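Structure file final-v9.cif; described as mmCIF, C-alpha atoms.
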data_structure
loop_
_atom_site.label_atom_id
_atom_site.label_comp_id
_atom_site.auth_asym_id
_atom_site.auth_seq_id
_atom_site.Cartn_x
_atom_site.Cartn_y
_atom_site.Cartn_z
CA MET A 43 21.02 34.80 -52.01
CA ARG A 44 19.88 33.81 -48.55
CA THR A 45 21.74 31.22 -46.54
CA GLU A 46 19.89 28.15 -45.30
CA PRO A 47 19.23 29.40 -41.75
CA GLU A 48 17.78 32.63 -43.17
CA MET A 49 15.36 30.62 -45.28
CA PHE A 50 13.55 29.62 -42.11
CA ARG A 51 13.10 33.16 -40.80
CA THR A 52 9.84 34.82 -41.74
CA THR A 53 9.70 38.34 -40.31
CA TRP A 54 10.84 40.70 -43.05
CA ASN A 55 11.03 44.46 -43.72
CA TRP A 56 9.76 45.15 -47.21
CA PRO A 57 11.44 48.36 -48.41
CA ALA A 58 9.26 50.71 -50.47
CA ASP A 59 11.97 51.27 -53.07
CA GLY A 60 12.33 47.58 -53.95
CA ALA A 61 15.88 47.37 -52.58
CA ASP A 62 17.29 44.13 -51.24
CA ILE A 63 15.15 42.70 -48.46
CA GLY A 64 16.61 42.83 -44.98
CA ARG A 65 15.63 40.76 -41.99
CA SER A 66 14.12 42.68 -39.07
CA GLY A 67 13.99 39.82 -36.61
CA ASP A 68 13.79 36.12 -36.12
CA TYR A 69 10.70 34.01 -36.65
CA MET A 70 10.05 33.97 -32.92
CA CYS A 71 9.90 37.20 -30.96
CA VAL A 72 11.80 37.72 -27.74
CA GLY A 73 10.04 35.99 -24.87
CA GLN A 74 8.14 33.50 -27.03
CA LYS A 75 8.71 29.78 -26.67
CA ALA A 76 9.74 27.96 -29.82
CA SER A 77 6.95 25.41 -29.32
CA ARG A 78 4.89 23.71 -26.67
CA ASN A 79 7.68 21.12 -26.65
CA SER A 80 10.59 23.54 -26.40
CA ASP A 81 12.34 21.21 -23.96
CA VAL A 82 12.44 18.43 -26.54
CA THR A 83 15.39 18.80 -28.85
CA ALA A 84 15.99 17.01 -32.13
CA MET A 85 18.68 14.93 -30.42
CA GLU A 86 16.26 13.76 -27.74
CA LEU A 87 13.72 12.73 -30.36
CA SER A 88 16.37 10.78 -32.24
CA ASP A 89 17.17 8.98 -28.98
CA LEU A 90 13.50 8.13 -28.56
CA TYR A 91 13.04 6.91 -32.13
CA SER A 92 16.34 5.06 -32.29
CA GLN A 93 17.42 3.12 -35.34
CA LYS A 94 16.71 -0.13 -33.47
CA ILE A 95 13.13 0.90 -32.61
CA LEU A 96 12.49 1.90 -36.21
CA GLU A 97 14.04 -1.37 -37.40
CA ILE A 98 11.88 -3.52 -35.11
CA ALA A 99 8.74 -1.59 -36.08
CA ALA A 100 9.54 -1.85 -39.80
CA ASN A 101 10.24 -5.59 -39.66
CA GLN A 102 7.50 -6.65 -37.30
CA PRO A 103 5.79 -9.99 -37.70
CA ILE A 104 2.22 -9.81 -38.97
CA PRO A 105 0.41 -12.37 -36.83
CA GLY A 106 -3.00 -11.78 -38.40
CA ARG A 107 -6.20 -12.51 -36.52
CA LEU A 108 -7.38 -15.68 -34.80
CA ALA A 109 -10.50 -17.39 -36.16
CA LEU A 110 -11.73 -18.57 -32.72
CA PRO A 111 -9.92 -16.68 -29.93
CA ASP A 112 -10.79 -17.13 -26.28
CA ALA A 113 -10.95 -13.33 -26.02
CA THR A 114 -10.61 -10.26 -28.23
CA VAL A 115 -9.88 -6.77 -26.90
CA ARG A 116 -9.54 -3.44 -28.68
CA ARG A 117 -7.61 -0.63 -26.99
CA VAL A 118 -7.15 2.94 -28.25
CA SER A 119 -4.84 5.62 -26.93
CA ARG A 120 -6.78 8.84 -26.40
CA VAL A 121 -3.50 10.75 -26.53
CA CYS A 122 -2.35 9.83 -30.04
CA GLY A 123 -5.05 7.66 -31.60
CA SER A 124 -2.92 4.51 -31.72
CA SER A 125 -5.06 1.39 -31.62
CA ILE A 126 -4.64 -2.34 -31.33
CA GLU A 127 -7.06 -5.23 -31.36
CA VAL A 128 -5.67 -8.44 -29.90
CA ASP A 129 -6.93 -12.02 -30.06
CA ILE A 130 -5.77 -14.43 -27.36
CA SER A 131 -6.18 -18.14 -26.76
CA VAL A 132 -5.00 -19.81 -23.57
CA SER A 133 -4.36 -23.53 -23.18
CA ALA A 134 -5.60 -25.64 -20.28
CA ASP A 135 -2.12 -25.52 -18.70
CA GLY A 136 -2.25 -21.71 -18.40
CA ASN A 137 -0.01 -20.78 -21.33
CA ILE A 138 -0.88 -18.37 -24.11
CA SER A 139 -1.31 -20.76 -27.01
CA ALA A 140 -2.21 -18.36 -29.81
CA TYR A 141 -2.04 -14.64 -30.47
CA GLY A 142 -3.17 -12.34 -33.23
CA HIS A 143 -3.48 -8.61 -33.62
CA LYS A 144 -4.43 -5.76 -35.88
CA ILE A 145 -2.53 -2.56 -35.14
CA SER A 146 -2.52 1.05 -36.22
CA ALA A 147 0.08 2.80 -34.08
CA CYS A 148 3.18 4.92 -33.97
CA ALA A 149 6.65 3.35 -34.11
CA LEU A 150 6.69 2.92 -30.33
CA GLY A 151 3.38 1.06 -30.24
CA GLN A 152 4.42 -1.01 -33.26
CA THR A 153 7.73 -1.90 -31.62
CA SER A 154 6.02 -3.08 -28.42
CA ALA A 155 3.50 -5.10 -30.42
CA ALA A 156 6.20 -6.60 -32.63
CA ILE A 157 8.22 -7.83 -29.65
CA VAL A 158 5.09 -9.22 -28.00
CA ALA A 159 3.98 -10.97 -31.22
CA THR A 160 7.43 -12.55 -31.55
CA HIS A 161 7.56 -14.03 -28.03
CA ILE A 162 4.06 -14.37 -26.58
CA ALA A 163 3.14 -17.88 -27.80
CA GLY A 164 4.04 -20.34 -25.05
CA THR A 165 4.33 -17.63 -22.39
CA SER A 166 2.41 -18.38 -19.21
CA VAL A 167 -0.42 -16.06 -18.25
CA ALA A 168 1.36 -15.31 -14.96
CA GLU A 169 4.61 -14.42 -16.76
CA PHE A 170 2.81 -12.05 -19.11
CA ARG A 171 1.11 -10.28 -16.21
CA VAL A 172 4.54 -9.80 -14.59
CA LEU A 173 5.89 -8.53 -17.92
CA ARG A 174 3.17 -5.88 -18.11
CA SER A 175 4.00 -4.78 -14.55
CA GLN A 176 7.71 -4.61 -15.45
CA MET A 177 7.00 -2.47 -18.51
CA THR A 178 4.77 -0.14 -16.53
CA ALA A 179 7.44 0.17 -13.82
CA MET A 180 10.18 0.72 -16.41
CA LEU A 181 8.30 3.63 -17.95
CA LYS A 182 6.58 5.18 -14.94
CA ALA A 183 8.71 4.28 -11.90
CA ASN A 184 12.28 4.11 -13.22
CA GLY A 185 12.23 0.31 -13.04
CA ALA A 186 14.61 -2.06 -14.78
CA PRO A 187 13.70 -3.27 -18.26
CA PRO A 188 12.53 -6.85 -18.76
CA SER A 189 15.17 -9.47 -19.48
CA GLY A 190 15.45 -12.89 -21.07
CA LYS A 191 13.35 -13.39 -24.18
CA TRP A 192 11.82 -9.95 -23.55
CA ALA A 193 15.19 -8.12 -23.48
CA ASP A 194 14.45 -6.21 -26.70
CA LEU A 195 11.87 -4.22 -24.74
CA ALA A 196 14.85 -2.38 -23.21
CA TYR A 197 15.08 -0.42 -26.49
CA LEU A 198 11.90 1.32 -25.33
CA GLU A 199 13.48 2.53 -22.08
CA PRO A 200 14.04 6.10 -23.41
CA VAL A 201 10.23 6.45 -23.62
CA ARG A 202 10.35 6.84 -19.83
CA ASP A 203 11.22 10.53 -20.31
CA TYR A 204 8.17 11.17 -22.54
CA PRO A 205 5.00 10.50 -20.48
CA PRO A 206 2.65 11.26 -23.41
CA ARG A 207 4.20 8.25 -25.21
CA HIS A 208 3.67 5.79 -22.34
CA THR A 209 0.11 4.95 -23.41
CA SER A 210 1.00 3.92 -26.97
CA THR A 211 4.01 1.95 -25.76
CA LEU A 212 1.92 0.05 -23.18
CA LEU A 213 -1.12 -0.42 -25.43
CA VAL A 214 -0.39 -4.04 -26.40
CA PHE A 215 0.35 -5.03 -22.79
CA ASP A 216 -2.86 -3.47 -21.52
CA ALA A 217 -4.90 -5.11 -24.30
CA VAL A 218 -3.43 -8.57 -23.69
CA VAL A 219 -3.94 -8.36 -19.92
CA GLU A 220 -7.54 -7.20 -20.42
CA ALA A 221 -8.08 -10.20 -22.72
CA LEU A 222 -6.56 -12.50 -20.10
CA ASP A 223 -8.86 -10.97 -17.47
CA ARG A 224 -11.87 -11.67 -19.69
CA ILE A 225 -10.75 -15.27 -20.15
CA ASP A 226 -10.33 -15.67 -16.38
CA ALA A 227 -13.76 -14.10 -15.78
CA GLY A 228 -15.32 -16.52 -18.28
CA LYS A 229 -13.71 -19.51 -16.58
CA SER A 230 -14.86 -18.42 -13.15
CA ALA A 231 -18.38 -17.90 -14.52
CA GLY A 232 -18.33 -21.41 -16.02
CA VAL A 233 -18.05 -20.17 -19.61
CA ILE A 234 -15.17 -22.18 -21.02
CA ARG A 235 -14.56 -22.58 -24.70
#
Would you write out, as structure tokens, the structure that this file holds?
Amino acid sequence: MRTEPEMFRTTWNWPADGADIGRSGDYMCVGQKASRNSDVTAMELSDLYSQKILEIAANQPIPGRLALPDATVRRVSRVCGSSIEVDISVSADGNISAYGHKISACALGQTSAAIVATHIAGTSVAEFRVLRSQMTAMLKANGAPPSGKWADLAYLEPVRDYPPRHTSTLLVFDAVVEALDRIDAGKSAGVIR
């Protein structure tokens, strides 16, 4: 009987006489890389997809969609296919008064969107723009994570070491800021709902 590690080895010598099979080598030949991501170990991935990230993603609020938003924006990550469509309404005093979204994303994108959905109502437009800058700096420039009501975003700090995951993690922030830009453009053009 083979032991568990042997079960995952696939290069075999098949003896002509039907005797017991013996292994001639490992699955990978000398000089071959185990994968394109050979620098990513199972431990590193478990750090990235921590229990807290999985918990937030699994228990996210479902804000639904807004019937009459001031702006709607759909963003898609070309890297992984994650997508989000956000609806935003902004009050006359410059605060985000309503938020809705529809999301199809990995655990990282879902975690970002869940934290945003939990705290965005009542946030000023200026504060949210700063938040997006802080998240971008945290992931791309070794910046500090956001604090205060946005402190849970610090759970996403390990994403910093995985540049291909930055896009999905920032998707909700980019979509909301694009929606805010559209609202601002409408106001400056005299189109106010």
Padding 8 Å on each side, edges along x, y and z: where is the centre of the box around the listed atoms of stretch 135-148 of chain A, and how long are its edges in Å to one decimal? Output it as AutoDock Vina command-line options.
--center_x -0.6 --center_y -10.3 --center_z -27.3 --size_x 23.6 --size_y 46.4 --size_z 33.8
Discussion item. I want to know what sits within 10 Å of A:Ala168, based on all atoms listed in the file, with residues of the same chain fewer than 3 positions away left out; could you give that as a ChimeraX atom specification?
Written reply: /A:136-138,165,171-173,222
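Distances from A:Lys191, A:Arg174, A:Arg117, A:His143 to A:Ile157 were compared using all atoms listed in the file, and the smallest one belongs to A:Lys191.
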Where does the PyMOL selection byres ((chain A and resi 182-186) around 9) land in this file, that is, which residues does it pick, as a PDB file with C-alpha atoms, in the coordinates of the input?
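result_16.pdb written:
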ATOM      1  CA  GLN A 176       7.710  -4.610 -15.450  1.00  0.00           C
ATOM      2  CA  MET A 177       7.000  -2.470 -18.510  1.00  0.00           C
ATOM      3  CA  THR A 178       4.770  -0.140 -16.530  1.00  0.00           C
ATOM      4  CA  ALA A 179       7.440   0.170 -13.820  1.00  0.00           C
ATOM      5  CA  MET A 180      10.180   0.720 -16.410  1.00  0.00           C
ATOM      6  CA  LEU A 181       8.300   3.630 -17.950  1.00  0.00           C
ATOM      7  CA  PRO A 187      13.700  -3.270 -18.260  1.00  0.00           C
ATOM      8  CA  PRO A 188      12.530  -6.850 -18.760  1.00  0.00           C
ATOM      9  CA  SER A 189      15.170  -9.470 -19.480  1.00  0.00           C
ATOM     10  CA  ALA A 196      14.850  -2.380 -23.210  1.00  0.00           C
ATOM     11  CA  GLU A 199      13.480   2.530 -22.080  1.00  0.00           C
ATOM     12  CA  ARG A 202      10.350   6.840 -19.830  1.00  0.00           C
ATOM     13  CA  ASP A 203      11.220  10.530 -20.310  1.00  0.00           C
ATOM     14  CA  PRO A 205       5.000  10.500 -20.480  1.00  0.00           C
ATOM     15  CA  HIS A 208       3.670   5.790 -22.340  1.00  0.00           C
TER      16      HIS A 208
END
Worksheet item: In terms of the shortest atom-to-atom distance over all atoms listed in the file, which of A:Ser131, A:Ser154, A:Ser166, A:Ser139 is closest to A:Ile225?
Response: A:Ser131
Practice prompt. For atom CA of A:Pro111 and atom CA of A:Ala193, determine how far apart the two atoms are, in Å to one decimal place.
Written response: 27.3 Å
Worksheet item: Hey, which of A:Ala227, A:Val121, A:Val132, A:Leu212 ends up closest to A:Val167? Count only C-alpha atoms.
Response: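 When distances to A:Val167 are compared using only C-alpha atoms, the smallest one comes from A:Val132.
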Worksheet item: atom CA of A:Asp216 and atom CA of A:Ala163 are how many Å apart?
Response: 16.8 Å
Worksheet entry | Hits of the PyMOL selection byres ((chain A and resi 218) around 9) in this structure, as a VMD selection string | chain A and resid 114 to 115 128 to 130 170 to 171 213 to 217 219 to 223
Worksheet item: Taking only C-alpha atoms into account, which of A:Asp135, A:Glu127, A:Asp226, A:Asp194 comes nearest A:Leu108?
Response: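 Residue with the minimum atom-to-atom distance to A:Leu108: A:Glu127.
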Item to complete: Using all atoms listed in the file, give me every residue within 12 Å of (8.7, -8.3, -40.7) in file coordinates, as a ChimeraX atom specification.
Response: /A:96-105,152-153,155-157,159-160
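Minimum atom-to-atom distances from A:Ala109, A:Leu150, A:Ile145, A:Ala134 to A:Thr209 were compared using only C-alpha atoms, and the lowest value belongs to A:Leu150.
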